[in-house]
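Colleague: Below is the structure I would like to discuss, written out as structure tokens.
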Amino acid sequence: MAIEEKRLILKYTDQPGYTNDIDCYIKHGGYEDLKKAFKMKPEDICEEVLQSGVRGRGGAGFPAGMKWKFLDRKSGKPIYLICNADESEPGTFKDRQIIHKDPHQLIEGILCSAYAIQAKLAFIYIRGEFFEGYKILERAIEEARVKNFLGDNILGSDYSCDIIVHRGAGAYICGEETGLIESLEGKRANPRIKPPYFPAALGLYQCPTIVNNVETLCDVKHVINMGGKEFAKIGTPGNTGTRIWCVSGHVQKPGYYEFPCAGVTLGELIYDVCGGLLPGRKLKAVIPGGSSSKILRADERFTGKKKDGTEFDWGIEDIPMDFDSLSLVGSMSGSGGVIIMDDSTDMVEALANINYFYAHESCGQCTPCREGVPWMKKITTRMCTGGAREEDVDLLKSVADQIAGRTICAFGEAASWPVQSFIAKFKDEFEAKAKEQAILRKQGEDTATETSLI
Amino acid sequence: MLEVKVIDTVTINVDGELAQVPKGVNVIEAMRVVGKEKEIPHYCYHPKLSVVGNCRMCLVEVGNPMRDRQTGEAILEENGEPKIGWAPKPVIACATNVSEGMHVRTNTPSLVDCRNGVTEFLLINHPLDCPICDQAGECRLQEFSAEHGRGYSRFKEEKNVKPKRTRLGPRVTLDDERCILCSRCVRFSQEVAKDDVLGFVDRGTYSTLTCYPGKELSNNYSLNTVDICPVGALTSTDFRFKMRVWFLKRTHSICTESSVGANTEIWSREGKIYRITPRRNDAVNDTWMTDSGRGLFKESESEERLKSYSVDQVAKSLDDAIAATRELLEGGSIGVIGSAHSSLEEQYLLQKIVKHTNASFEMIQHTGEGDGLLMSEDRTPNLRGALITGLINQLPDTRLGQLKEAIEGGQIKTLLVFNEDLEQLGIDLGSLKDSVQVIYFGSSKNSTSEQAKVIFPSLSVFEKDGTFVNQNFILQKFKQAILPPMGLMPDYGVLTAILSELVENTHTVGMPSMESLWGEISKTVELLKSVQWSEIPEEGLALNGDAFASMNFVETENLKFKPTLVSEIV
Ligand SMILES: Cc1cc2nc3c(=O)[nH]c(=O)nc-3n(C[C@H](O)[C@H](O)[C@H](O)COP(=O)(O)O)c2cc1C
Ligand code: SF4
Ligand code: SF4
Ligand code: FES
């Protein structure tokens with residue numbers, strides 16, 4: 001039984017005949033919410049967003065309304081809004097869909113938000129490799145400008161705001177908000193220390209700045225459309241609105257699927273929505289929120305107490321797909337990148353792959369991440385190419401423990417959580433590999449197994 | 001006389017004990033106040049540079065008194081003590097400022113684990129070439145590794161390879177493999193030297209310090225990067241491989257390059273100076289000095305140095321030279337050209353001779369371009385000393401005035417010259433040879449010394465004790481670092497001997513002590529009333545220069561100097 005998606009943000013995309021130009025968008029009711037927003041007071045919009053409970057879709061899941069409240073409005077400095085379209089977390093591919101297929105929705109969301117926080121200027125920081133997306137956005141902005149949806153005196157009001165699209169230069173760390181800001185200022189994307197450089201107080205050019213993900217900003221448009229209270233009815237308390245899950249890996253129909261928060265369970269997503277696993281395979285593990293989130297083992301039982309005090313006892317397939325449930329089971333919904341692994345997966349190789357990515361992407365500023373992450377990569381690469389030792393498992397964990405929580409930015413955690421969780425849950429596989437290779441080495445045989453390492 | 005600043009303090013709790021620390025400073029600085037054993041290890045933090053928090057060595061645990069969100073009232077424990085909300089993760093001390101009631105833990109097992117972790121990470125790709133590294137003995141990495149390293153390596157992989165000998169500029173050589181990427185040198189170049197030539201290329205573990213293409217680290221402050229580099233990555237091309245630092249004796253001194261008077265440290269062994277580095281003084285030079293000032297010791301090693309007393313160009317004993325001088329001075333018609341290179345003690349003694357012999361006195365102002373930082377327009381270390389001791393009562397000109405006319409008009413029979421070259425001052429000694437006799441005090445040969453009747457070789461600042469008064473009227477002490485050339489006495493010794501011959505008609509043997517000289521100075525010089533040599537603090541003594549405020553000093557604004565506009569003084 002296939003479960004029907006409930007699309008909010010992707011409502012029109014992929015419908016036959018729906019194009020990404022402004023006329024089509026307007027025909028489908030586009031920019032009406034902007035007009036509505038301009039009839040409201042900015043602070044009332046902020047209040048609606050707060051009431052909606054909408055949480056950030058970029059990774060950390062911080063309530064957007066709350067973030068906006070932290071804005072330093074007393075400094076007298078200009079306020080900036082930045083849309084984070086750097087989308088680089090492995091396993092995540094939702095923002096690109098929005099940009100390609102419905103750019104005006106994003107622009108409308110940005111303008112509603114910019115007006116609400118009274119930003120002087122808005123930026124879209126788009127991943128450098130998204131060249132097509134960049135062109136689409138540039139064209140869409142011009143279309144919107146002609147119709148006076150952005151630029152000077154928007155819709156005849158005395159509010160003016162422009163959007164500048166800035167292409168990144170190809171580094172994952174540009175997605176971290178303070179690294180992004182440095183990059184936007186024309187420097188290396190070295191994340192800043194917080195405190196004191198919280199963007200809401202000392203952001204772009206040391207001015208108060210709000211950074212939100214593409215999907216989050218689109219949500220704002222719908223909050224204005226429905227009103228905060230109505231929006232909050234989608235999903236469950238604390239987990240409002242929809243989420244676009246990007247499912248990849250060993251399923252029949254990988255892709256992006258939009259559901260209200262807690263609208264599907266992980267099992268439904270895999271088996272009903274994505275058509276299940278490949279023939280003859282068994283589920284082995286799931287990384288639920290982008291490669292940095294902690295891995296879940298298929299045969300785990302997850303038990304404990306929810307915030308409201310009720311107890312839960314879930315198998316992996318029972319986990320409701322929302323922010324809180326995924327953190328209850330020790331992982332996170334992160335950027336919405338759900339990576340499915342079946343029993344053909346070599347866990348050491350999978351981790352080696354992830355480590356390769358993070359070692360390559362560390363900005364190199366702070367010691368634990370710069371030195372520790374490539375070290376973990378070297379260990380797991382060696383383990384995959386015949387040099388595994390039994391002590392490597394503990395060493396890996398110890399190195400990861402020396403990184404997490406001690407770095408400038410959350411990249412330190414992003415890179416250590418996979419190692420910590422793979423080892424916590426698949427230690428046996430790491431040890432088995434080491435034992436097997438040790439025997440082969442002893443017999444003088446070639447230990448290098450065929451690997452699919454990149 | 002000493003200005004005591006009243007600093008606001010806050011009370012914090014450090015590892016269970018209360019401590020008073022200055023308000024608003026960061027936890028590293030606060031712990032310096034608390035005491036040595038609480039020192040927080042750190043690499044990237046430097047008190048005079050912006051805080052970037054990249055080394056992660058300085059992690060501490062911090063908690064603050066909890067307050068009720070609604071009422072703002074303090075939440076108390078059962079015993080009435082304020083309840084402390086501890087931060088969930090360790091925080092960097094360098095970017096955490098102290099506040100009233102803050103609790104700090106500096107030495108929990110988890111913090112030790114943090115430091116050990118950072119140390120291990122810094123070492124895995126480090127070449128571990130301490131035996132051939134110049135920084136050995138003064139390397140932060142080496143010191144902290146002794147305490148926080150594990151003594152064996154868990155790293156079985158291949159180390160990164162990076163450039164080993166990069167010439168960054170004329171005076172600085174870089175070994176990238178030793179660089180811990182703390183960015184101190186980069187920040188110094190941007191923020192202090194204002195010469196933004198250093199930066200990192202490549203990412204992550206491949207990050208490499210380098211100069212921008214086509215640029216060099218060649219500004220006159222480049223060697224400060226070597227000083228602040230916590231490891232042996234940046235080395236002084238001049239000092240490289242010359243000497244182990246632990247063999248060197250350190251002596252406090254003052255840079256004589258300009259009226260800034262940067263505080264320095266002289267590093268010497270067996271009478272030879274190997275290098276000069278800046279010594280921190282927040283009122284004078286922070287922690288910096290010029291490259292040019294570091295090279296000044298080479299002048300005193302020059303071939304051109306005067307090394308013996310002489311009369312009529314024949315080497316003589318000091319006594320003979322003094323006897324000849326006495327005779328000349330007693331003959332009257334004396335002219336004296338003093339120097340702002342002389343120490344305050346020497347200027348004081350010379351002032352007595354000038355008064356006693358009723359001599360015509362002038363001094364020359366030596367100026368150059370200032371750099372707005374630590375090189376001022378006045379290229380002498382002690383012009384203000386001459387004002388304070390009464391040797392001069394107005395600012396000198398850059399050339400000779402009436403004295404020149406007096407010399408050429410035959411009114412001067414004996415000319416006592418300090419440091420200056422008469423030829424450069426436009427006086428043709430050759431044609432005056434029969435009418436004017438010159439007594440020359442100076443360290444190097446020049447056209448004046450070649451024609452002088454009596455020569456007293458002067459000692460360099462490294463070879464004697466004394467004081468200078470800098471651009472801000474700070475009295476600063478320097479100490480003898482190395483022995484002078486055999487048999488030579490500092491100018492203040494010679495001048496004391498001449499004075500006692502002249503005034504008391506007694507022959508003194510040996511040098512006066514600084515204590516006795518200051519015993520006299522402190523009684524007679526108004527601004528130095530009751531200042532004793534032993535009481536002049538290492539960081540200098542700020543004198544009140546108000547009496548000279550209306551003078552048009554040549555210095556323009558620099559790191560620690562703001563000119564007072566004459567119009568402001570009414
Ligand atoms: C290493 C790292 C990479 C990140 N990359 C992205 C990214 O590509 N896109 C994104 O929206 N947020 C990314 N984030 C999260 C941002 O820092 C920031 O929290 C987010 O843009 C805020 O938007 P939101 O509140 O709407 O989620 C990243 C964070 C870290 C630590
Ligand atoms: S944690 Fe990694 S990515 Fe983040 S600042 Fe440090 S080195 Fe850069
Ligand atoms: S060269 Fe020295 S000062 Fe510069 S970044 Fe490297 S370790 Fe730091
Ligand atoms: S001193 Fe380097 S992080 Fe604080």
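Here's how to read the names in the structure tokens: chain A, B, ... by the order shown, residue numbers from 1 in each chain, ligand numbers from 1 in the order shown.
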Using only C-alpha atoms, find which residues of chain B lie within 7 Å of chain A and jot them down as JSON, numbers by chain.
Modeller: {"B": [52, 53, 54, 55, 56, 89, 114, 117, 118, 121, 122, 157, 203, 204, 205, 207]}
Colleague: Produce a file of the selected residues containing C-alpha atoms, as a PDB file, in the first residue's frame.
Modeller:
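Result file is out-v2.pdb:
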ATOM      1  CA  VAL B  52      40.494  33.536  16.786  1.00  0.00           C
ATOM      2  CA  GLY B  53      40.326  30.499  19.036  1.00  0.00           C
ATOM      3  CA  ASN B  54      41.746  27.990  16.588  1.00  0.00           C
ATOM      4  CA  CYS B  55      44.285  25.966  18.587  1.00  0.00           C
ATOM      5  CA  ARG B  56      41.731  24.674  21.127  1.00  0.00           C
ATOM      6  CA  LYS B  89      30.860  21.762  26.762  1.00  0.00           C
ATOM      7  CA  CYS B 114      41.238  17.885  25.956  1.00  0.00           C
ATOM      8  CA  GLY B 117      44.129  15.389  22.660  1.00  0.00           C
ATOM      9  CA  VAL B 118      45.169  18.687  21.112  1.00  0.00           C
ATOM     10  CA  PHE B 121      46.886  16.052  17.151  1.00  0.00           C
ATOM     11  CA  LEU B 122      49.528  18.740  16.835  1.00  0.00           C
ATOM     12  CA  GLU B 157      50.054   6.494   9.066  1.00  0.00           C
ATOM     13  CA  ARG B 203      42.379  23.417   3.011  1.00  0.00           C
ATOM     14  CA  GLY B 204      42.183  21.175   6.019  1.00  0.00           C
ATOM     15  CA  THR B 205      45.274  19.270   6.940  1.00  0.00           C
ATOM     16  CA  SER B 207      46.634  24.180   4.887  1.00  0.00           C
TER      17      SER B 207
END
Colleague: Check stretch 116-277 of chain B with DSSP on the backbone and list each residue it calls strand (DSSP E or B), as number ranges by chain.
Modeller: B: 166-167, 172-174, 198-201, 208-211, 234-236, 249-254, 263-269, 272-277
Colleague: Please, could you write that set of residues out with C-alpha atoms as a PDB file, in the first residue's frame?
Modeller:
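selection14.pdb, written as the output of this step:
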ATOM      1  CA  THR B 166      60.669  28.772   2.290  1.00  0.00           C
ATOM      2  CA  ARG B 167      62.180  32.210   2.132  1.00  0.00           C
ATOM      3  CA  VAL B 172      62.464  35.237   7.794  1.00  0.00           C
ATOM      4  CA  THR B 173      62.593  31.562   6.805  1.00  0.00           C
ATOM      5  CA  LEU B 174      59.564  29.273   7.070  1.00  0.00           C
ATOM      6  CA  LEU B 198      50.803  36.239   4.799  1.00  0.00           C
ATOM      7  CA  GLY B 199      47.972  33.789   4.414  1.00  0.00           C
ATOM      8  CA  PHE B 200      47.036  30.143   4.196  1.00  0.00           C
ATOM      9  CA  VAL B 201      46.528  28.261   0.986  1.00  0.00           C
ATOM     10  CA  THR B 208      49.961  25.829   4.264  1.00  0.00           C
ATOM     11  CA  LEU B 209      51.235  29.192   5.336  1.00  0.00           C
ATOM     12  CA  THR B 210      52.648  31.235   2.525  1.00  0.00           C
ATOM     13  CA  CYS B 211      53.240  34.718   1.172  1.00  0.00           C
ATOM     14  CA  LEU B 234      59.218  30.922  11.432  1.00  0.00           C
ATOM     15  CA  THR B 235      62.889  31.407  12.105  1.00  0.00           C
ATOM     16  CA  SER B 236      65.212  34.355  11.852  1.00  0.00           C
ATOM     17  CA  LYS B 249      72.233  34.996  28.881  1.00  0.00           C
ATOM     18  CA  ARG B 250      69.338  37.445  28.816  1.00  0.00           C
ATOM     19  CA  THR B 251      69.788  41.076  29.744  1.00  0.00           C
ATOM     20  CA  HIS B 252      67.166  43.801  29.809  1.00  0.00           C
ATOM     21  CA  SER B 253      67.951  46.686  27.554  1.00  0.00           C
ATOM     22  CA  ILE B 254      66.422  49.572  25.611  1.00  0.00           C
ATOM     23  CA  ASN B 263      62.162  47.498  25.672  1.00  0.00           C
ATOM     24  CA  THR B 264      64.464  44.738  24.590  1.00  0.00           C
ATOM     25  CA  GLU B 265      66.210  41.647  25.700  1.00  0.00           C
ATOM     26  CA  ILE B 266      69.828  41.044  24.738  1.00  0.00           C
ATOM     27  CA  TRP B 267      70.738  37.388  24.209  1.00  0.00           C
ATOM     28  CA  SER B 268      74.482  36.894  24.642  1.00  0.00           C
ATOM     29  CA  ARG B 269      77.106  34.321  25.393  1.00  0.00           C
ATOM     30  CA  LYS B 272      79.007  37.978  22.037  1.00  0.00           C
ATOM     31  CA  ILE B 273      75.485  39.074  21.255  1.00  0.00           C
ATOM     32  CA  TYR B 274      73.439  36.613  19.211  1.00  0.00           C
ATOM     33  CA  ARG B 275      70.132  38.345  18.956  1.00  0.00           C
ATOM     34  CA  ILE B 276      67.899  41.058  20.309  1.00  0.00           C
ATOM     35  CA  THR B 277      64.219  40.523  20.934  1.00  0.00           C
TER      36      THR B 277
END
Colleague: Name the closest residue to ligand 2 among the candidates B:Val260, B:Lys433, B:Glu216, B:Tyr206; distances are taken between atoms, counting only C-alpha atoms and all ligand atoms.
Modeller: B:Tyr206
Colleague: Under the rule that only C-alpha atoms are counted, which of B:Asp378, B:Glu270, B:Glu120, B:Glu369 is the nearest residue to B:Thr256?
Modeller: B:Asp378
Colleague: Can you work out which one of A:Val393, A:Cys174, A:Ala388, A:Ile234 has the shortest atom-to-atom distance to ligand 2, counting only C-alpha atoms and all ligand atoms?
Modeller: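 Of all the options, A:Cys174 lies closest to ligand 2.
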Colleague: Compute the set of protein, DNA and RNA residues whose minimum atom distance to ligand 1 is at most 9 Å, using only C-alpha atoms and all ligand atoms, and state it as an MDAnalysis selection string.
Modeller: chainID A and resid 55:64 67 82:89 92 95 127 172:180 191 210:217 292 334:335 361:362 409:415
Colleague: Can you tell me, as a VMD selection string, what residues are no more than 10 Å from stretch 482-490 of chain B when counting only C-alpha atoms, ignoring any on the same chain fewer than 2 positions away?
Modeller: chain B and resid 249 251 266 to 273 300 305 to 309 317 to 318 346 456 to 466 479 to 480 492 to 495 510 to 511
Colleague: List as JSON lines every residue of chain B that is in contact with ligand 4, defined as an atom at most 10 Å from one of its atoms (using only C-alpha atoms and all ligand atoms), together with the nearest atom pair and the distance in Å rounded to one decimal, sorted by chain and then rising number.
Modeller:
{"residue": "B:Asn26", "atom": "CA", "partner": "ligand 4", "partner_atom_place_in_ligand_line": "4 (Fe)", "distance": 10.0}
{"residue": "B:Val27", "atom": "CA", "partner": "ligand 4", "partner_atom_place_in_ligand_line": "4 (Fe)", "distance": 9.6}
{"residue": "B:Ile28", "atom": "CA", "partner": "ligand 4", "partner_atom_place_in_ligand_line": "1 (S)", "distance": 8.2}
{"residue": "B:Ile40", "atom": "CA", "partner": "ligand 4", "partner_atom_place_in_ligand_line": "1 (S)", "distance": 8.5}
{"residue": "B:Pro41", "atom": "CA", "partner": "ligand 4", "partner_atom_place_in_ligand_line": "1 (S)", "distance": 7.4}
{"residue": "B:His42", "atom": "CA", "partner": "ligand 4", "partner_atom_place_in_ligand_line": "1 (S)", "distance": 4.1}
{"residue": "B:Tyr43", "atom": "CA", "partner": "ligand 4", "partner_atom_place_in_ligand_line": "1 (S)", "distance": 5.0}
{"residue": "B:Cys44", "atom": "CA", "partner": "ligand 4", "partner_atom_place_in_ligand_line": "2 (Fe)", "distance": 4.0}
{"residue": "B:Tyr45", "atom": "CA", "partner": "ligand 4", "partner_atom_place_in_ligand_line": "1 (S)", "distance": 4.0}
{"residue": "B:His46", "atom": "CA", "partner": "ligand 4", "partner_atom_place_in_ligand_line": "1 (S)", "distance": 7.7}
{"residue": "B:Val51", "atom": "CA", "partner": "ligand 4", "partner_atom_place_in_ligand_line": "4 (Fe)", "distance": 7.7}
{"residue": "B:Val52", "atom": "CA", "partner": "ligand 4", "partner_atom_place_in_ligand_line": "3 (S)", "distance": 6.9}
{"residue": "B:Gly53", "atom": "CA", "partner": "ligand 4", "partner_atom_place_in_ligand_line": "3 (S)", "distance": 3.4}
{"residue": "B:Asn54", "atom": "CA", "partner": "ligand 4", "partner_atom_place_in_ligand_line": "3 (S)", "distance": 4.7}
{"residue": "B:Cys55", "atom": "CA", "partner": "ligand 4", "partner_atom_place_in_ligand_line": "2 (Fe)", "distance": 3.8}
{"residue": "B:Arg56", "atom": "CA", "partner": "ligand 4", "partner_atom_place_in_ligand_line": "3 (S)", "distance": 3.8}
{"residue": "B:Met57", "atom": "CA", "partner": "ligand 4", "partner_atom_place_in_ligand_line": "2 (Fe)", "distance": 5.4}
{"residue": "B:Cys58", "atom": "CA", "partner": "ligand 4", "partner_atom_place_in_ligand_line": "4 (Fe)", "distance": 4.5}
{"residue": "B:Leu59", "atom": "CA", "partner": "ligand 4", "partner_atom_place_in_ligand_line": "4 (Fe)", "distance": 6.8}
{"residue": "B:Val60", "atom": "CA", "partner": "ligand 4", "partner_atom_place_in_ligand_line": "4 (Fe)", "distance": 9.5}
{"residue": "B:Val91", "atom": "CA", "partner": "ligand 4", "partner_atom_place_in_ligand_line": "4 (Fe)", "distance": 8.7}
{"residue": "B:Ile92", "atom": "CA", "partner": "ligand 4", "partner_atom_place_in_ligand_line": "4 (Fe)", "distance": 5.0}
{"residue": "B:Ala93", "atom": "CA", "partner": "ligand 4", "partner_atom_place_in_ligand_line": "4 (Fe)", "distance": 5.6}
{"residue": "B:Cys94", "atom": "CA", "partner": "ligand 4", "partner_atom_place_in_ligand_line": "4 (Fe)", "distance": 4.3}
{"residue": "B:Ala95", "atom": "CA", "partner": "ligand 4", "partner_atom_place_in_ligand_line": "4 (Fe)", "distance": 6.6}
{"residue": "B:Thr96", "atom": "CA", "partner": "ligand 4", "partner_atom_place_in_ligand_line": "4 (Fe)", "distance": 9.0}
{"residue": "B:Cys182", "atom": "CA", "partner": "ligand 4", "partner_atom_place_in_ligand_line": "2 (Fe)", "distance": 7.3}
{"residue": "B:Ser183", "atom": "CA", "partner": "ligand 4", "partner_atom_place_in_ligand_line": "2 (Fe)", "distance": 9.9}
{"residue": "B:Arg184", "atom": "CA", "partner": "ligand 4", "partner_atom_place_in_ligand_line": "2 (Fe)", "distance": 9.9}
Colleague: Can you measure atom CA of A:Tyr257 to atom CA of A:Pro16 for me? One decimal in Å is fine.
Modeller: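 Going from atom CA of A:Tyr257 over to atom CA of A:Pro16, I get 17.3 Å.
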Colleague: Could you name the residues that touch B:Arg105 at 7 Å or less, counting only C-alpha atoms, but leaving out those on the same chain fewer than 2 positions away, as a PyMOL selection string?
Modeller: chain B and resi 14-15+60-62+103+107-108
